Amino acid sequence: MRNLLGALVLASVAVSASAAASDDRWIHVRVDDAGGEHGRVDIQVPVGLVSTLLPALKGKHGHGAIELNGKDLDMAEIRGYWSAVRSAKDGEYVTVRDNDSDVRISKSGGFLRVTVDDRDGGSRVRMKLPVPFVDAVLAGGNTIDADAVGAALAKVPVGEILTVDDDDSHVRVWIDGEAAPARADRP
């Protein structure tokens with residue numbers, strides 16, 4: 001869960017890194033341990049405030065880019081697939097139904113949508129990624145340009161970005177116009 005939390009914190013910073021200071025939207029990341037034994041994490045940050053963190057992110061990770069662990073991914077191949085999907089009309093492009101899971105990848109209304117459902121009920125993923133965000137993530141070699149990602153996500157409309165339910169945790173990432181009240185109950 002720590003690796004996931006670190007990635008989510010970094011994503012929440014990148015999401016809002018280059019937004020205008022006058023942006024009154026909030027970025028929320030919520031992670032709950034499924035068993036209730038290991039706690040939970042609630043992160044909510046005004047988009048405008050986080051934009052001041054970009055210089056620190058750049059200083060810590062080189063020239064504004066974060067290295068990707070590309071061991072299992074051929075980024076050039078993924079960029080090629082994305083180029084084809086981006087230029088195609090909206091529709092459902094991939095549907096895989098096998099003994100383990102159902103996977104669907106589609107593009108509609110300016111969003112790339114990915115859904116994954118494990119047949120045993122163990123995991124459920126829902127991603128709704130704005131096309132400009134995917135463009136920004138896939139724009140560079142084997143790095144992610146924090147400035148490009150931040151600029152793209154500064155334009156993301158209010159709503160859900162990601163939900164993941166699995167055996168270990170529930171993760172939700174969304175953008176809205178107000179801070180969520182603190183949860184008073186303990187895990």
# chains A, B, ... in the order shown; residues from 1 in each chain; ligands from 1

call {"tool": "residues_around", "arguments": {"residues": "stretch 113-115 of chain A", "least_positions_apart": "3", "cutoff": "10 Å", "atoms": "only C-alpha atoms", "output": "count of residues only"}}
result
24

call {"tool": "residues_around", "arguments": {"residues": "A:His170", "least_positions_apart": "2", "cutoff": "7 Å", "atoms": "only C-alpha atoms", "output": "VMD selection string"}}
result
chain A and resid 31 to 34 164 to 166 172

call {"tool": "write_last_selection", "arguments": {"atoms": "all heavy atoms", "output": "PDB file, in the first residue's frame"}}
result
ATOM      1  N   VAL A  31      -7.616   6.797  -0.094  1.00  0.00           N
ATOM      2  CA  VAL A  31      -7.200   5.397  -0.094  1.00  0.00           C
ATOM      3  C   VAL A  31      -7.677   4.776   1.213  1.00  0.00           C
ATOM      4  O   VAL A  31      -7.336   5.264   2.296  1.00  0.00           O
ATOM      5  CB  VAL A  31      -5.662   5.253  -0.195  1.00  0.00           C
ATOM      6  CG1 VAL A  31      -5.268   3.780  -0.206  1.00  0.00           C
ATOM      7  CG2 VAL A  31      -5.122   5.978  -1.418  1.00  0.00           C
ATOM      8  N   ASP A  32      -8.476   3.721   1.102  1.00  0.00           N
ATOM      9  CA  ASP A  32      -8.968   2.998   2.269  1.00  0.00           C
ATOM     10  C   ASP A  32      -8.475   1.568   2.216  1.00  0.00           C
ATOM     11  O   ASP A  32      -8.604   0.904   1.184  1.00  0.00           O
ATOM     12  CB  ASP A  32     -10.503   2.982   2.302  1.00  0.00           C
ATOM     13  CG  ASP A  32     -11.084   4.354   2.573  1.00  0.00           C
ATOM     14  OD1 ASP A  32     -10.613   5.012   3.509  1.00  0.00           O
ATOM     15  OD2 ASP A  32     -12.006   4.756   1.840  1.00  0.00           O
ATOM     16  N   ASP A  33      -7.949   1.094   3.321  1.00  0.00           N
ATOM     17  CA  ASP A  33      -7.579  -0.309   3.443  1.00  0.00           C
ATOM     18  C   ASP A  33      -8.865  -1.123   3.468  1.00  0.00           C
ATOM     19  O   ASP A  33      -9.787  -0.828   4.239  1.00  0.00           O
ATOM     20  CB  ASP A  33      -6.778  -0.515   4.729  1.00  0.00           C
ATOM     21  CG  ASP A  33      -6.486  -1.963   4.997  1.00  0.00           C
ATOM     22  OD1 ASP A  33      -5.870  -2.608   4.124  1.00  0.00           O
ATOM     23  OD2 ASP A  33      -6.881  -2.447   6.079  1.00  0.00           O
ATOM     24  N   ALA A  34      -8.961  -2.136   2.614  1.00  0.00           N
ATOM     25  CA  ALA A  34     -10.186  -2.916   2.482  1.00  0.00           C
ATOM     26  C   ALA A  34     -10.541  -3.638   3.771  1.00  0.00           C
ATOM     27  O   ALA A  34     -11.700  -3.771   4.123  1.00  0.00           O
ATOM     28  CB  ALA A  34     -10.062  -3.911   1.329  1.00  0.00           C
ATOM     29  N   VAL A 164     -10.304   2.422  -7.951  1.00  0.00           N
ATOM     30  CA  VAL A 164      -9.765   1.067  -7.952  1.00  0.00           C
ATOM     31  C   VAL A 164     -10.253   0.385  -6.689  1.00  0.00           C
ATOM     32  O   VAL A 164     -10.059   0.895  -5.584  1.00  0.00           O
ATOM     33  CB  VAL A 164      -8.218   1.045  -7.974  1.00  0.00           C
ATOM     34  CG1 VAL A 164      -7.705  -0.386  -7.903  1.00  0.00           C
ATOM     35  CG2 VAL A 164      -7.671   1.772  -9.185  1.00  0.00           C
ATOM     36  N   ASP A 165     -10.894  -0.761  -6.850  1.00  0.00           N
ATOM     37  CA  ASP A 165     -11.287  -1.597  -5.728  1.00  0.00           C
ATOM     38  C   ASP A 165     -10.608  -2.934  -5.913  1.00  0.00           C
ATOM     39  O   ASP A 165     -10.747  -3.562  -6.966  1.00  0.00           O
ATOM     40  CB  ASP A 165     -12.808  -1.811  -5.704  1.00  0.00           C
ATOM     41  CG  ASP A 165     -13.556  -0.544  -5.371  1.00  0.00           C
ATOM     42  OD1 ASP A 165     -13.264   0.042  -4.319  1.00  0.00           O
ATOM     43  OD2 ASP A 165     -14.423  -0.139  -6.167  1.00  0.00           O
ATOM     44  N   ASP A 166      -9.864  -3.374  -4.907  1.00  0.00           N
ATOM     45  CA  ASP A 166      -9.284  -4.707  -4.972  1.00  0.00           C
ATOM     46  C   ASP A 166      -9.315  -5.332  -3.584  1.00  0.00           C
ATOM     47  O   ASP A 166      -9.942  -4.795  -2.670  1.00  0.00           O
ATOM     48  CB  ASP A 166      -7.874  -4.690  -5.566  1.00  0.00           C
ATOM     49  CG  ASP A 166      -6.866  -3.906  -4.755  1.00  0.00           C
ATOM     50  OD1 ASP A 166      -7.091  -3.689  -3.540  1.00  0.00           O
ATOM     51  OD2 ASP A 166      -5.843  -3.508  -5.321  1.00  0.00           O
ATOM     52  N   ARG A 172      -9.741   6.228  -4.702  1.00  0.00           N
ATOM     53  CA  ARG A 172     -10.578   7.131  -5.488  1.00  0.00           C
ATOM     54  C   ARG A 172      -9.815   8.437  -5.679  1.00  0.00           C
ATOM     55  O   ARG A 172      -9.276   9.000  -4.711  1.00  0.00           O
ATOM     56  CB  ARG A 172     -11.893   7.390  -4.761  1.00  0.00           C
ATOM     57  CG  ARG A 172     -12.817   8.312  -5.497  1.00  0.00           C
ATOM     58  CD  ARG A 172     -14.144   8.471  -4.760  1.00  0.00           C
ATOM     59  NE  ARG A 172     -14.971   9.433  -5.449  1.00  0.00           N
ATOM     60  CZ  ARG A 172     -15.618  10.429  -4.858  1.00  0.00           C
ATOM     61  NH1 ARG A 172     -15.567  10.577  -3.556  1.00  0.00           N
ATOM     62  NH2 ARG A 172     -16.334  11.278  -5.573  1.00  0.00           N
TER      63      ARG A 172
END

call {"tool": "select_by_dssp", "arguments": {"residues": "stretch 75-181 of chain A", "states": "strand (DSSP E)", "output": "PDB file with N, CA and C atoms, in the first residue's frame"}}
result
ATOM      1  N   GLY A  91     -15.216   5.297 -29.852  1.00  0.00           N
ATOM      2  CA  GLY A  91     -15.757   3.948 -29.891  1.00  0.00           C
ATOM      3  C   GLY A  91     -15.081   3.057 -28.878  1.00  0.00           C
ATOM      4  N   GLU A  92     -15.552   1.812 -28.802  1.00  0.00           N
ATOM      5  CA  GLU A  92     -14.931   0.814 -27.934  1.00  0.00           C
ATOM      6  C   GLU A  92     -13.912   0.067 -28.773  1.00  0.00           C
ATOM      7  N   TYR A  93     -12.642   0.127 -28.373  1.00  0.00           N
ATOM      8  CA  TYR A  93     -11.554  -0.405 -29.183  1.00  0.00           C
ATOM      9  C   TYR A  93     -11.084  -1.789 -28.754  1.00  0.00           C
ATOM     10  N   VAL A  94     -11.106  -2.042 -27.466  1.00  0.00           N
ATOM     11  CA  VAL A  94     -10.614  -3.328 -26.979  1.00  0.00           C
ATOM     12  C   VAL A  94     -11.642  -3.891 -26.010  1.00  0.00           C
ATOM     13  N   THR A  95     -12.017  -5.119 -26.251  1.00  0.00           N
ATOM     14  CA  THR A  95     -12.846  -5.860 -25.308  1.00  0.00           C
ATOM     15  C   THR A  95     -12.230  -7.241 -25.169  1.00  0.00           C
ATOM     16  N   VAL A  96     -11.838  -7.575 -23.961  1.00  0.00           N
ATOM     17  CA  VAL A  96     -11.250  -8.881 -23.687  1.00  0.00           C
ATOM     18  C   VAL A  96     -12.071  -9.527 -22.583  1.00  0.00           C
ATOM     19  N   ARG A  97     -12.575 -10.688 -22.882  1.00  0.00           N
ATOM     20  CA  ARG A  97     -13.305 -11.464 -21.878  1.00  0.00           C
ATOM     21  C   ARG A  97     -12.644 -12.835 -21.831  1.00  0.00           C
ATOM     22  N   SER A 101     -10.869 -12.195 -16.290  1.00  0.00           N
ATOM     23  CA  SER A 101     -11.361 -10.825 -16.184  1.00  0.00           C
ATOM     24  C   SER A 101     -12.029 -10.344 -17.461  1.00  0.00           C
ATOM     25  N   ASP A 102     -12.709  -9.221 -17.327  1.00  0.00           N
ATOM     26  CA  ASP A 102     -13.268  -8.482 -18.455  1.00  0.00           C
ATOM     27  C   ASP A 102     -12.541  -7.148 -18.515  1.00  0.00           C
ATOM     28  N   VAL A 103     -12.037  -6.797 -19.698  1.00  0.00           N
ATOM     29  CA  VAL A 103     -11.308  -5.543 -19.885  1.00  0.00           C
ATOM     30  C   VAL A 103     -11.933  -4.814 -21.061  1.00  0.00           C
ATOM     31  N   ARG A 104     -12.189  -3.520 -20.895  1.00  0.00           N
ATOM     32  CA  ARG A 104     -12.697  -2.695 -21.993  1.00  0.00           C
ATOM     33  C   ARG A 104     -11.907  -1.399 -22.042  1.00  0.00           C
ATOM     34  N   ILE A 105     -11.513  -1.033 -23.258  1.00  0.00           N
ATOM     35  CA  ILE A 105     -10.831   0.235 -23.487  1.00  0.00           C
ATOM     36  C   ILE A 105     -11.590   0.956 -24.579  1.00  0.00           C
ATOM     37  N   SER A 106     -11.983   2.197 -24.288  1.00  0.00           N
ATOM     38  CA  SER A 106     -12.754   2.971 -25.261  1.00  0.00           C
ATOM     39  C   SER A 106     -12.359   4.433 -25.179  1.00  0.00           C
ATOM     40  N   LYS A 107     -12.802   5.182 -26.168  1.00  0.00           N
ATOM     41  CA  LYS A 107     -12.606   6.637 -26.189  1.00  0.00           C
ATOM     42  C   LYS A 107     -13.951   7.253 -26.520  1.00  0.00           C
ATOM     43  N   SER A 108     -14.366   8.198 -25.693  1.00  0.00           N
ATOM     44  CA  SER A 108     -15.621   8.897 -25.977  1.00  0.00           C
ATOM     45  C   SER A 108     -15.654  10.219 -25.232  1.00  0.00           C
ATOM     46  N   PHE A 111     -12.472  11.558 -23.581  1.00  0.00           N
ATOM     47  CA  PHE A 111     -11.871  10.773 -22.514  1.00  0.00           C
ATOM     48  C   PHE A 111     -11.489   9.387 -23.008  1.00  0.00           C
ATOM     49  N   LEU A 112     -10.366   8.892 -22.503  1.00  0.00           N
ATOM     50  CA  LEU A 112      -9.998   7.493 -22.645  1.00  0.00           C
ATOM     51  C   LEU A 112     -10.569   6.800 -21.417  1.00  0.00           C
ATOM     52  N   ARG A 113     -11.327   5.737 -21.651  1.00  0.00           N
ATOM     53  CA  ARG A 113     -11.964   5.016 -20.548  1.00  0.00           C
ATOM     54  C   ARG A 113     -11.434   3.589 -20.509  1.00  0.00           C
ATOM     55  N   VAL A 114     -11.025   3.158 -19.316  1.00  0.00           N
ATOM     56  CA  VAL A 114     -10.521   1.805 -19.119  1.00  0.00           C
ATOM     57  C   VAL A 114     -11.300   1.195 -17.963  1.00  0.00           C
ATOM     58  N   THR A 115     -11.881   0.018 -18.195  1.00  0.00           N
ATOM     59  CA  THR A 115     -12.550  -0.708 -17.122  1.00  0.00           C
ATOM     60  C   THR A 115     -11.997  -2.124 -17.069  1.00  0.00           C
ATOM     61  N   VAL A 116     -11.755  -2.582 -15.869  1.00  0.00           N
ATOM     62  CA  VAL A 116     -11.257  -3.937 -15.647  1.00  0.00           C
ATOM     63  C   VAL A 116     -12.056  -4.527 -14.494  1.00  0.00           C
ATOM     64  N   ASP A 117     -12.629  -5.709 -14.722  1.00  0.00           N
ATOM     65  CA  ASP A 117     -13.363  -6.418 -13.687  1.00  0.00           C
ATOM     66  C   ASP A 117     -12.836  -7.837 -13.599  1.00  0.00           C
ATOM     67  N   ASP A 118     -12.277  -8.190 -12.444  1.00  0.00           N
ATOM     68  CA  ASP A 118     -11.856  -9.571 -12.221  1.00  0.00           C
ATOM     69  C   ASP A 118     -13.097 -10.430 -12.030  1.00  0.00           C
ATOM     70  N   ARG A 124     -11.609  -4.239  -9.247  1.00  0.00           N
ATOM     71  CA  ARG A 124     -12.446  -3.477 -10.163  1.00  0.00           C
ATOM     72  C   ARG A 124     -11.746  -2.138 -10.388  1.00  0.00           C
ATOM     73  N   VAL A 125     -11.459  -1.805 -11.647  1.00  0.00           N
ATOM     74  CA  VAL A 125     -10.774  -0.556 -11.979  1.00  0.00           C
ATOM     75  C   VAL A 125     -11.657   0.247 -12.918  1.00  0.00           C
ATOM     76  N   ARG A 126     -11.765   1.547 -12.666  1.00  0.00           N
ATOM     77  CA  ARG A 126     -12.472   2.477 -13.541  1.00  0.00           C
ATOM     78  C   ARG A 126     -11.570   3.695 -13.732  1.00  0.00           C
ATOM     79  N   MET A 127     -11.119   3.929 -14.962  1.00  0.00           N
ATOM     80  CA  MET A 127     -10.312   5.116 -15.257  1.00  0.00           C
ATOM     81  C   MET A 127     -11.033   5.929 -16.317  1.00  0.00           C
ATOM     82  N   LYS A 128     -11.043   7.224 -16.119  1.00  0.00           N
ATOM     83  CA  LYS A 128     -11.606   8.165 -17.079  1.00  0.00           C
ATOM     84  C   LYS A 128     -10.566   9.269 -17.215  1.00  0.00           C
ATOM     85  N   LEU A 129      -9.706   9.122 -18.231  1.00  0.00           N
ATOM     86  CA  LEU A 129      -8.571  10.019 -18.394  1.00  0.00           C
ATOM     87  C   LEU A 129      -8.820  10.973 -19.551  1.00  0.00           C
ATOM     88  N   PRO A 130      -8.703  12.267 -19.313  1.00  0.00           N
ATOM     89  CA  PRO A 130      -8.858  13.217 -20.415  1.00  0.00           C
ATOM     90  C   PRO A 130      -7.796  12.981 -21.489  1.00  0.00           C
ATOM     91  N   THR A 143      10.143   9.424 -19.857  1.00  0.00           N
ATOM     92  CA  THR A 143       9.892  10.291 -18.710  1.00  0.00           C
ATOM     93  C   THR A 143       8.496  10.867 -18.801  1.00  0.00           C
ATOM     94  N   ILE A 144       8.039  11.387 -17.696  1.00  0.00           N
ATOM     95  CA  ILE A 144       6.796  12.143 -17.659  1.00  0.00           C
ATOM     96  C   ILE A 144       7.180  13.574 -17.331  1.00  0.00           C
ATOM     97  N   ASP A 145       6.805  14.499 -18.157  1.00  0.00           N
ATOM     98  CA  ASP A 145       7.094  15.904 -17.949  1.00  0.00           C
ATOM     99  C   ASP A 145       6.035  16.468 -16.998  1.00  0.00           C
ATOM    100  N   GLY A 159     -14.927  16.015 -11.598  1.00  0.00           N
ATOM    101  CA  GLY A 159     -15.445  14.658 -11.696  1.00  0.00           C
ATOM    102  C   GLY A 159     -14.419  13.609 -11.319  1.00  0.00           C
ATOM    103  N   GLU A 160     -14.852  12.361 -11.418  1.00  0.00           N
ATOM    104  CA  GLU A 160     -14.008  11.211 -11.106  1.00  0.00           C
ATOM    105  C   GLU A 160     -12.906  11.067 -12.144  1.00  0.00           C
ATOM    106  N   ILE A 161     -11.725  10.702 -11.692  1.00  0.00           N
ATOM    107  CA  ILE A 161     -10.622  10.392 -12.587  1.00  0.00           C
ATOM    108  C   ILE A 161     -10.288   8.910 -12.501  1.00  0.00           C
ATOM    109  N   LEU A 162     -10.277   8.378 -11.287  1.00  0.00           N
ATOM    110  CA  LEU A 162      -9.860   6.991 -11.106  1.00  0.00           C
ATOM    111  C   LEU A 162     -10.532   6.398  -9.883  1.00  0.00           C
ATOM    112  N   THR A 163     -11.001   5.153 -10.019  1.00  0.00           N
ATOM    113  CA  THR A 163     -11.397   4.360  -8.861  1.00  0.00           C
ATOM    114  C   THR A 163     -10.824   2.968  -9.042  1.00  0.00           C
ATOM    115  N   VAL A 164     -10.304   2.422  -7.951  1.00  0.00           N
ATOM    116  CA  VAL A 164      -9.765   1.067  -7.952  1.00  0.00           C
ATOM    117  C   VAL A 164     -10.253   0.385  -6.689  1.00  0.00           C
ATOM    118  N   ASP A 165     -10.894  -0.761  -6.850  1.00  0.00           N
ATOM    119  CA  ASP A 165     -11.287  -1.597  -5.728  1.00  0.00           C
ATOM    120  C   ASP A 165     -10.608  -2.934  -5.913  1.00  0.00           C
ATOM    121  N   SER A 169      -7.446  -2.695  -1.044  1.00  0.00           N
ATOM    122  CA  SER A 169      -7.770  -1.291  -0.818  1.00  0.00           C
ATOM    123  C   SER A 169      -8.830  -0.774  -1.785  1.00  0.00           C
ATOM    124  N   HIS A 170      -9.329   0.393  -1.440  1.00  0.00           N
ATOM    125  CA  HIS A 170     -10.214   1.153  -2.318  1.00  0.00           C
ATOM    126  C   HIS A 170      -9.525   2.498  -2.547  1.00  0.00           C
ATOM    127  N   VAL A 171      -9.347   2.874  -3.801  1.00  0.00           N
ATOM    128  CA  VAL A 171      -8.684   4.132  -4.152  1.00  0.00           C
ATOM    129  C   VAL A 171      -9.646   4.952  -4.998  1.00  0.00           C
ATOM    130  N   ARG A 172      -9.741   6.228  -4.702  1.00  0.00           N
ATOM    131  CA  ARG A 172     -10.578   7.131  -5.488  1.00  0.00           C
ATOM    132  C   ARG A 172      -9.815   8.437  -5.679  1.00  0.00           C
ATOM    133  N   VAL A 173      -9.762   8.933  -6.928  1.00  0.00           N
ATOM    134  CA  VAL A 173      -9.142  10.214  -7.242  1.00  0.00           C
ATOM    135  C   VAL A 173     -10.177  11.030  -8.004  1.00  0.00           C
ATOM    136  N   TRP A 174     -10.425  12.268  -7.561  1.00  0.00           N
ATOM    137  CA  TRP A 174     -11.401  13.107  -8.222  1.00  0.00           C
ATOM    138  C   TRP A 174     -11.073  14.579  -8.026  1.00  0.00           C
ATOM    139  N   ILE A 175     -11.701  15.399  -8.847  1.00  0.00           N
ATOM    140  CA  ILE A 175     -11.557  16.849  -8.770  1.00  0.00           C
ATOM    141  C   ILE A 175     -12.944  17.428  -8.578  1.00  0.00           C
ATOM    142  N   ASP A 176     -13.057  18.381  -7.629  1.00  0.00           N
ATOM    143  CA  ASP A 176     -14.331  19.068  -7.467  1.00  0.00           C
ATOM    144  C   ASP A 176     -14.090  20.491  -6.984  1.00  0.00           C
TER     145      ASP A 176
END

call {"tool": "closest_residue", "arguments": {"among": "A:Val29, A:Pro132, A:Val137, A:Asp100", "to": "A:Ile78", "atoms": "only C-alpha atoms"}}
result
A:Val137

call {"tool": "atom_distance", "arguments": {"atom1": "atom CA of A:Ala179", "atom2": "atom CA of A:Gly150"}}
result
19.9 Å

call {"tool": "closest_residue", "arguments": {"among": "A:Ala182, A:Pro157, A:Val85, A:Asp90", "to": "A:Ile27", "atoms": "only C-alpha atoms"}}
result
A:Pro157

call {"tool": "closest_residue", "arguments": {"among": "A:His38, A:Arg86, A:Arg119, A:Arg25", "to": "A:Phe133", "atoms": "only C-alpha atoms"}}
result
A:Arg86
